[in-house]
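> Okay, so here is data-v4.cif, and as you'll see once you scroll down, it has mmCIF, C-alpha atoms.
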```
data_upload
#
loop_
_atom_site.label_atom_id
_atom_site.label_comp_id
_atom_site.auth_asym_id
_atom_site.auth_seq_id
_atom_site.Cartn_x
_atom_site.Cartn_y
_atom_site.Cartn_z
CA MET A 1 243.23 106.58 121.34
CA LEU A 2 241.07 106.40 118.20
CA ARG A 3 239.26 103.34 119.57
CA THR A 4 238.56 105.22 122.80
CA VAL A 5 237.09 108.21 120.92
CA LEU A 6 234.93 105.95 118.72
CA ALA A 7 233.67 104.03 121.72
CA PHE A 8 232.77 107.29 123.45
CA LEU A 9 230.89 108.55 120.38
CA LEU A 10 228.98 105.30 119.98
CA LEU A 11 227.99 105.28 123.65
CA GLY A 12 226.81 108.88 123.33
CA ALA A 13 224.72 108.07 120.23
CA ALA A 14 223.18 105.10 122.00
CA ALA A 15 222.25 107.27 124.96
CA VAL A 16 220.57 109.84 122.70
CA ALA A 17 218.64 107.08 120.89
CA ALA A 18 217.55 105.61 124.22
CA ASP A 19 216.35 109.01 125.48
CA GLU A 20 214.43 109.89 122.30
CA GLN A 21 210.74 109.15 122.62
CA THR A 22 208.57 108.34 119.64
CA VAL A 23 204.84 108.05 119.13
CA HIS A 24 203.71 105.76 116.32
CA ILE A 25 200.52 106.98 114.66
CA TYR A 26 198.25 105.12 112.24
CA ASN A 27 195.83 107.43 110.44
CA TRP A 28 193.99 108.22 107.23
CA ASN A 29 195.80 110.10 104.47
CA ASP A 30 195.71 113.93 104.51
CA TYR A 31 194.13 114.03 107.96
CA PHE A 32 196.49 116.41 109.76
CA ALA A 33 197.54 119.97 108.99
CA GLU A 34 200.99 120.36 107.50
CA ASP A 35 202.32 121.65 110.83
CA THR A 36 200.48 119.24 113.18
CA LEU A 37 203.27 116.69 113.54
CA PRO A 38 206.20 119.17 113.49
CA GLY A 39 204.33 121.31 116.02
CA PHE A 40 203.82 118.35 118.33
CA GLN A 41 207.50 117.43 118.23
CA LYS A 42 208.52 121.02 118.90
CA ALA A 43 206.10 121.27 121.84
CA THR A 44 206.93 117.92 123.47
CA GLY A 45 210.24 116.64 122.12
CA ILE A 46 208.48 113.42 121.14
CA ARG A 47 209.12 112.35 117.54
CA PRO A 48 205.92 111.35 115.67
CA VAL A 49 206.09 108.50 113.16
CA LEU A 50 203.08 108.35 110.82
CA ASP A 51 201.79 105.41 108.77
CA LEU A 52 198.70 105.63 106.55
CA TYR A 53 195.73 103.41 105.71
CA ASP A 54 192.70 103.99 103.48
CA ALA A 55 190.10 101.61 104.95
CA ASN A 56 188.85 100.86 108.45
CA GLU A 57 189.14 97.17 107.68
CA VAL A 58 192.92 97.52 107.23
CA LEU A 59 193.28 99.11 110.66
CA GLU A 60 191.01 96.51 112.24
CA ALA A 61 192.99 93.61 110.80
CA LYS A 62 196.20 95.01 112.36
CA LEU A 63 194.54 95.50 115.73
CA LEU A 64 193.08 92.00 115.76
CA ALA A 65 196.43 90.48 114.81
CA GLY A 66 198.05 92.19 117.81
CA SER A 67 201.47 93.80 118.24
CA SER A 68 200.65 96.46 115.66
CA GLY A 69 203.36 98.73 117.03
CA TYR A 70 201.04 101.75 116.99
CA ASP A 71 200.40 104.12 119.90
CA VAL A 72 197.48 106.14 118.50
CA VAL A 73 194.93 105.07 115.86
CA PHE A 74 191.96 106.85 114.27
CA PRO A 75 189.05 104.44 113.62
CA THR A 76 185.55 105.48 112.62
CA ALA A 77 183.33 105.22 115.68
CA ARG A 78 180.46 103.21 114.21
CA PRO A 79 180.55 100.36 113.55
CA PHE A 80 184.35 99.92 113.82
CA ALA A 81 185.49 101.45 117.12
CA ALA A 82 182.26 100.18 118.72
CA ARG A 83 183.15 96.55 118.14
CA GLN A 84 186.86 97.14 118.80
CA ILE A 85 186.01 98.54 122.23
CA ALA A 86 183.76 95.55 122.90
CA ALA A 87 186.62 93.24 121.91
CA GLY A 88 188.95 94.89 124.42
CA LEU A 89 191.40 96.20 121.82
CA TYR A 90 191.97 99.60 123.47
CA LEU A 91 193.52 100.86 126.68
CA PRO A 92 191.32 102.87 129.04
CA LEU A 93 192.21 106.55 128.81
CA ASP A 94 193.92 108.34 131.69
CA LYS A 95 191.75 111.45 131.58
CA SER A 96 194.05 113.27 134.01
CA LYS A 97 196.51 113.46 131.11
CA LEU A 98 193.92 114.88 128.69
CA PRO A 99 193.12 118.49 129.61
CA GLY A 100 190.59 119.86 127.15
CA LEU A 101 188.08 117.03 127.22
CA ASP A 102 185.61 119.47 128.78
CA LYS A 103 185.70 121.56 125.58
CA LEU A 104 184.24 118.77 123.43
CA ASP A 105 180.67 118.91 122.13
CA PRO A 106 178.44 117.23 124.77
CA ALA A 107 176.10 115.88 122.08
CA ILE A 108 178.97 114.05 120.35
CA MET A 109 180.32 112.78 123.67
CA GLN A 110 176.87 111.50 124.67
CA SER A 111 176.52 109.73 121.33
CA LEU A 112 179.92 108.08 121.73
CA ALA A 113 179.08 107.04 125.29
CA LYS A 114 176.48 104.67 123.83
CA ILE A 115 179.29 102.58 122.37
CA ASP A 116 181.95 103.55 124.92
CA PRO A 117 180.42 103.87 128.41
CA ASP A 118 181.81 106.84 130.35
CA ASN A 119 183.80 107.77 127.23
CA ALA A 120 186.49 105.52 128.64
CA HIS A 121 188.43 104.54 125.51
CA VAL A 122 188.01 106.97 122.61
CA VAL A 123 188.16 110.73 122.02
CA PRO A 124 186.43 112.31 119.00
CA TYR A 125 188.78 113.80 116.39
CA MET A 126 186.75 114.90 113.34
CA TRP A 127 183.25 114.32 112.06
CA GLY A 128 181.65 114.51 108.65
CA THR A 129 179.30 112.96 106.15
CA SER A 130 179.49 110.57 103.21
CA GLY A 131 177.90 112.10 100.15
CA LEU A 132 178.51 113.09 96.56
CA GLY A 133 181.43 114.82 94.91
CA VAL A 134 180.12 116.25 91.64
CA ASN A 135 181.85 117.82 88.65
CA VAL A 136 179.02 120.26 88.04
CA ALA A 137 179.74 121.11 84.41
CA LYS A 138 180.17 117.49 83.29
CA VAL A 139 177.06 116.28 85.08
CA ARG A 140 175.00 119.17 83.69
CA ALA A 141 176.31 118.41 80.20
CA ALA A 142 175.30 114.77 80.51
CA LEU A 143 171.95 115.12 82.30
CA GLY A 144 170.75 118.63 81.49
CA ASP A 145 170.79 121.93 83.34
CA ASP A 146 167.68 121.13 85.37
CA ALA A 147 168.74 117.71 86.65
CA PRO A 148 168.93 117.61 90.47
CA LEU A 149 172.45 117.01 91.76
CA ASP A 150 171.76 116.28 95.43
CA THR A 151 170.57 112.72 94.90
CA TRP A 152 171.98 109.20 94.97
CA ALA A 153 170.16 108.77 91.65
CA LEU A 154 173.31 110.06 89.94
CA ILE A 155 174.84 106.69 90.83
CA PHE A 156 172.00 104.30 91.55
CA ASP A 157 169.51 105.17 88.79
CA PRO A 158 170.78 102.95 85.93
CA ALA A 159 169.57 105.42 83.30
CA GLN A 160 171.35 108.37 84.85
CA SER A 161 174.56 106.55 85.75
CA ALA A 162 174.75 105.15 82.20
CA LYS A 163 174.89 108.72 80.90
CA LEU A 164 177.62 109.59 83.41
CA ALA A 165 179.72 106.45 82.97
CA GLY A 166 181.82 108.03 80.23
CA CYS A 167 183.06 110.83 82.46
CA GLY A 168 183.58 108.51 85.42
CA ILE A 169 181.75 107.34 88.56
CA SER A 170 183.45 105.94 91.65
CA LEU A 171 182.20 104.30 94.83
CA LEU A 172 183.89 103.93 98.19
CA ASP A 173 185.54 100.56 98.70
CA ASP A 174 183.45 100.03 101.82
CA PRO A 175 180.52 97.60 101.99
CA THR A 176 178.79 99.37 104.90
CA GLU A 177 178.89 102.75 103.18
CA VAL A 178 177.84 101.48 99.76
CA PHE A 179 174.97 99.28 100.93
CA SER A 180 173.69 102.01 103.29
CA ALA A 181 173.60 104.53 100.45
CA ALA A 182 171.81 102.06 98.14
CA LEU A 183 169.25 101.29 100.84
CA ALA A 184 168.67 105.01 101.45
CA TYR A 185 168.10 105.55 97.73
CA LEU A 186 165.54 102.72 97.74
CA GLY A 187 163.70 104.40 100.59
CA LYS A 188 164.63 101.70 103.08
CA ASP A 189 166.33 101.85 106.47
CA PRO A 190 169.99 102.48 105.57
CA ASN A 191 171.01 100.28 108.51
CA SER A 192 168.65 97.45 107.57
CA LEU A 193 169.95 93.90 107.92
CA ASP A 194 166.77 92.36 106.58
CA LYS A 195 167.65 89.81 103.89
CA ALA A 196 165.01 91.11 101.48
CA ASP A 197 166.31 94.68 101.83
CA LEU A 198 169.92 93.62 101.32
CA ASP A 199 168.91 91.52 98.31
CA ALA A 200 167.17 94.56 96.81
CA ALA A 201 170.25 96.72 97.40
CA ALA A 202 172.53 94.05 95.91
CA GLU A 203 170.31 93.78 92.83
CA LEU A 204 170.38 97.57 92.40
CA LEU A 205 174.17 97.61 92.69
CA LYS A 206 174.45 94.79 90.17
CA LYS A 207 172.45 96.85 87.65
CA VAL A 208 174.67 99.92 87.93
CA TYR A 209 177.96 98.02 88.29
CA PRO A 210 178.84 98.37 84.55
CA ASN A 211 178.66 102.15 85.00
CA ILE A 212 181.13 102.29 87.89
CA ARG A 213 184.74 103.02 86.98
CA TYR A 214 186.25 101.82 90.27
CA PHE A 215 185.79 101.22 94.00
CA HIS A 216 188.34 103.10 96.09
CA SER A 217 188.31 105.15 99.29
CA SER A 218 190.93 107.78 98.45
CA GLN A 219 191.77 107.85 94.72
CA TYR A 220 188.64 109.85 93.91
CA GLN A 221 190.09 112.92 95.62
CA SER A 222 192.80 113.52 93.02
CA ASP A 223 190.61 112.29 90.15
CA LEU A 224 187.86 114.78 91.00
CA ALA A 225 190.38 117.62 91.26
CA ASN A 226 191.89 116.71 87.87
CA GLY A 227 188.51 116.38 86.14
CA ASP A 228 188.94 112.62 85.66
CA LEU A 229 185.67 111.80 87.46
CA CYS A 230 182.28 113.45 87.27
CA VAL A 231 180.62 111.76 90.28
CA ALA A 232 182.24 110.21 93.34
CA MET A 233 180.75 108.79 96.48
CA GLY A 234 183.12 110.26 99.05
CA TYR A 235 183.80 111.76 102.44
CA SER A 236 182.87 115.41 102.85
CA GLY A 237 186.33 116.76 103.65
CA ASP A 238 188.03 114.73 100.92
CA VAL A 239 185.68 116.12 98.30
CA LEU A 240 186.15 119.66 99.61
CA GLN A 241 189.92 119.18 99.51
CA ALA A 242 189.51 118.14 95.85
CA GLN A 243 187.48 121.29 95.26
CA ASN A 244 190.24 123.42 96.78
CA ARG A 245 192.96 121.69 94.76
CA ALA A 246 191.05 122.32 91.53
CA GLU A 247 190.63 126.00 92.44
CA GLU A 248 194.34 126.32 93.25
CA ALA A 249 195.27 124.61 89.98
CA GLY A 250 193.04 126.97 88.01
CA ASN A 251 192.07 124.07 85.75
CA GLY A 252 188.44 125.13 85.34
CA VAL A 253 187.12 122.09 87.23
CA ASP A 254 184.13 123.06 89.41
CA ILE A 255 183.59 120.49 92.18
CA ALA A 256 180.61 120.55 94.55
CA TYR A 257 180.00 118.47 97.66
CA LEU A 258 176.35 117.56 98.12
CA ILE A 259 174.49 115.65 100.82
CA PRO A 260 171.88 113.50 99.04
CA ARG A 261 168.24 114.27 99.71
CA GLU A 262 167.56 110.58 100.39
CA GLY A 263 169.91 110.59 103.38
CA ALA A 264 173.60 110.11 104.08
CA ALA A 265 175.87 108.70 106.75
CA LEU A 266 177.00 110.96 109.60
CA TRP A 267 180.21 109.60 111.09
CA THR A 268 182.77 110.48 113.75
CA ASP A 269 186.40 109.45 113.62
CA VAL A 270 187.98 108.94 117.03
CA MET A 271 191.40 108.65 118.65
CA ALA A 272 192.26 105.53 120.62
CA ILE A 273 195.29 103.82 122.18
CA PRO A 274 195.75 100.10 121.34
CA LYS A 275 196.00 97.89 124.41
CA ASP A 276 199.55 96.85 123.43
CA ALA A 277 200.76 100.37 122.51
CA PRO A 278 204.55 100.61 122.98
CA ASN A 279 204.34 104.14 124.42
CA PRO A 280 200.94 104.97 125.96
CA ASP A 281 202.34 108.05 127.71
CA ALA A 282 203.38 109.53 124.36
CA ALA A 283 199.96 108.55 122.97
CA HIS A 284 198.23 110.54 125.72
CA ALA A 285 200.53 113.48 125.00
CA PHE A 286 199.60 113.39 121.31
CA ILE A 287 195.86 113.23 121.99
CA ALA A 288 196.22 116.07 124.51
CA TYR A 289 198.01 118.14 121.86
CA LEU A 290 195.12 117.62 119.43
CA LEU A 291 192.66 118.71 122.11
CA GLN A 292 194.16 122.22 122.07
CA PRO A 293 191.69 124.53 120.27
CA ARG A 294 194.31 126.24 118.09
CA VAL A 295 195.85 122.92 117.02
CA ILE A 296 192.55 121.29 116.03
CA THR A 297 191.44 124.52 114.33
CA ASP A 298 194.50 124.43 112.09
CA ALA A 299 193.79 120.78 111.29
CA SER A 300 190.14 121.47 110.40
CA ASN A 301 191.07 124.45 108.24
CA TYR A 302 193.49 122.21 106.34
CA VAL A 303 191.48 119.00 105.96
CA TYR A 304 188.01 120.57 105.56
CA TYR A 305 186.36 118.47 108.26
CA ALA A 306 184.31 119.60 111.24
CA ASN A 307 185.85 119.01 114.65
CA PRO A 308 184.05 118.46 117.98
CA ASN A 309 185.95 121.12 119.97
CA LEU A 310 183.47 123.90 120.75
CA ALA A 311 186.28 126.24 121.84
CA ALA A 312 187.75 125.88 118.34
CA THR A 313 184.59 126.78 116.42
CA PRO A 314 185.03 130.60 116.65
CA LEU A 315 188.65 130.21 115.49
CA LEU A 316 187.80 128.39 112.26
CA ASP A 317 188.06 130.07 108.88
CA LYS A 318 184.70 131.79 108.29
CA ALA A 319 184.21 130.02 104.95
CA LEU A 320 184.66 126.63 106.60
CA ARG A 321 182.52 127.45 109.64
CA GLU A 322 179.64 128.56 107.40
CA ASP A 323 179.96 125.83 104.73
CA PRO A 324 176.78 123.68 104.87
CA GLY A 325 178.74 120.74 103.51
CA ILE A 326 180.98 120.83 106.60
CA TYR A 327 178.54 122.04 109.26
CA PRO A 328 175.13 121.02 107.85
CA PRO A 329 172.10 123.13 108.85
CA PRO A 330 169.40 121.47 111.00
CA ALA A 331 167.15 120.62 108.04
CA VAL A 332 169.97 118.73 106.33
CA LYS A 333 171.22 117.18 109.55
CA ALA A 334 167.76 115.67 110.04
CA ARG A 335 168.35 113.53 106.95
CA LEU A 336 171.61 112.06 108.25
CA PHE A 337 171.97 108.68 109.94
CA ALA A 338 174.64 107.04 112.06
CA PRO A 339 175.79 103.56 110.97
CA SER A 340 174.66 100.93 113.45
CA GLU A 341 176.81 98.33 115.19
CA ARG A 342 176.86 94.86 113.65
CA SER A 343 177.81 91.37 114.74
CA ASP A 344 180.74 89.48 113.23
CA ARG A 345 178.29 87.28 111.33
CA GLN A 346 176.44 90.28 109.90
CA ILE A 347 179.74 91.89 108.86
CA ARG A 348 180.87 88.69 107.13
CA ASP A 349 177.57 88.49 105.26
CA LEU A 350 177.84 92.08 104.04
CA ASN A 351 181.48 91.58 103.04
CA ARG A 352 180.55 88.46 101.04
CA ARG A 353 177.83 90.36 99.21
CA PHE A 354 180.24 93.17 98.43
CA THR A 355 182.96 90.79 97.23
CA ARG A 356 180.48 89.02 94.95
CA LEU A 357 179.35 92.38 93.59
CA LYS A 358 182.88 93.46 92.69
CA ALA A 359 183.67 90.05 91.22
CA GLN A 360 180.34 90.13 89.33
CA ARG A 361 179.22 86.74 90.58
#
```
Once more with this new file: its structure as structure tokens, please.

Amino acid sequence: MLRTVLAFLLLGAAAVAADEQTVHIYNWNDYFAEDTLPGFQKATGIRPVLDLYDANEVLEAKLLAGSSGYDVVFPTARPFAARQIAAGLYLPLDKSKLPGLDKLDPAIMQSLAKIDPDNAHVVPYMWGTSGLGVNVAKVRAALGDDAPLDTWALIFDPAQSAKLAGCGISLLDDPTEVFSAALAYLGKDPNSLDKADLDAAAELLKKVYPNIRYFHSSQYQSDLANGDLCVAMGYSGDVLQAQNRAEEAGNGVDIAYLIPREGAALWTDVMAIPKDAPNPDAAHAFIAYLLQPRVITDASNYVYYANPNLAATPLLDKALREDPGIYPPPAVKARLFAPSERSDRQIRDLNRRFTRLKAQR
């Protein structure tokens, strides 16, 4: 009798496990609202499983290796998703399963169509800029009350960065971002692949290298909030999250996010379904959930990034909707640039330069 009962229970558990759907998600850290994943499971019955990465290169390596096990991923559109689409790494979207696409900003969709004809493979999630996170008091103390703060000179002018080295400077661990910013500071095309321009940027970076505390694409968020850095090259929403954490902690740390006057990268992160996704139906359901205006509004309010859903804009917190660091005014937007697509050879060359820089060779 006991064996019969145990067998029945085991068969029942197996049936439940077989019926339970999951969606495996690979995303950046702190890029959903606290209730995004629980809300999705409650709405659909599909259990979300989230893994995190902190560099586009990490995601790309998994996609190229194949059998990643992920259903939905969140690459940056340019240059990463652009070349991943060209390499055939993503499934075409079934747009009949994605109500809400018509609510997305036409300008963003048109821009993405240049790398993804007919918007066939990716859906925009959030967009933002790469600029400066500044501990205002510490930078003023080091450089003077009149020193401009909205400039890459805080990092790339050797004299200024030497004065700030003691309170801490960090750079993103991303060769495209770092070289583009250095080129912009030098007054050159931030997307230049000209050898002379890249040599000039590399030489500049070599000069300021002793003043850089570390290269990392996420650690700066907590270090800014705690007052352990005074200048960080970072993503707009991450810096603004650091600002909010400092305010909540009441630790007296005043963080500002500034878009450098010399220019800064404007990027869009997108949602895509790997071609070997275990559960593409669940992936479509998850993307469709994020296309709901209220859902994406809650995510934007939490992560401090702009989203492309025009129906969500009136629902955003007023402070976020009117923050020029999140939704830059036209005059600032005119100084922004989109990273260009690059060949495998050009990427390898930039990676080698960056590796030599960090190894000081």
> Mind telling me what the PyMOL selection byres ((chain A and resi 29) around 7) catches here, as a list of chain:residue names?
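So the PyMOL selection byres ((chain A and resi 29) around 7), applied here, picks out A:Asn27, A:Trp28, A:Asp30, A:Tyr31, A:Leu52, A:Tyr53, A:Asp54.
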> Ranking A:Arg348, A:Tyr235, A:Arg213, A:Ser300 by minimum distance to Leu164 in chain A and counting all atoms listed in the file, which one comes first?
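Ranked by minimum distance to Leu164 in chain A, first place goes to A:Arg213.
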> Counting all atoms listed in the file, write as a ChimeraX atom specification all protein and nucleic acid residues lying at most 12 Å from (180.1, 124.3, 103.8) in the file's frame.
/A:128-129,236-237,239-241,243,256-259,301,304-306,317-329,332
> Around the point (185.3, 99.8, 96.6) in the file's coordinates, collect all residues with an atom within 6 Å, using all atoms listed in the file, and return them as a short mmCIF file (atom, residue, chain, number, x, y, z; two decimals) with C-alpha atoms, keeping the file's coordinate frame.

```
data_model
loop_
_atom_site.label_atom_id
_atom_site.label_comp_id
_atom_site.auth_asym_id
_atom_site.auth_seq_id
_atom_site.Cartn_x
_atom_site.Cartn_y
_atom_site.Cartn_z
CA LEU A 171 182.20 104.30 94.83
CA LEU A 172 183.89 103.93 98.19
CA ASP A 173 185.54 100.56 98.70
CA ASP A 174 183.45 100.03 101.82
CA PHE A 215 185.79 101.22 94.00
CA HIS A 216 188.34 103.10 96.09
#
```
> Which residue out of A:Ser161, A:Tyr209, A:Val303, A:Ala120 has the minimum interatomic distance to Asn244 in chain A when only C-alpha atoms are used?
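Smallest separation from Asn244 in chain A among the options: A:Val303.
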> Please list as a list in words every residue within 6 Å of range 296-299 of chain A, counting only C-alpha atoms and excluding residues in the same chain fewer than 2 positions away.
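That gives Phe32, Ala33, Leu290, Pro293, Arg294, Asn301, Tyr302, Ala312 and Leu316 of chain A.
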> Between A:Ser67, A:Ser170, A:Ser340, A:Gln41, single out the one closest to Tyr214 in chain A, counting all atoms listed in the file.
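For Tyr214 in chain A, the nearest of the given residues is A:Ser170.
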> Fewer than 3 positions away in the same chain doesn't count, so skip those; otherwise give me all residues within 10 Å of Asp105 in chain A, counting all atoms listed in the file, as a count of residues only.
11
> Run the PyMOL selection byres ((chain A and resi 97) around 9) on the file and write out the hits as an NGL selection string.
:A and (93-96 or 98-99 or 281 or 284-285 or 288)
> List as a ChimeraX atom specification the protein and nucleic acid residues near Leu193 in chain A, meaning an atom at most 10 Å away when all atoms listed in the file are counted, but skip any in the same chain fewer than 5 places from it.
/A:198-199,342,346,349-350
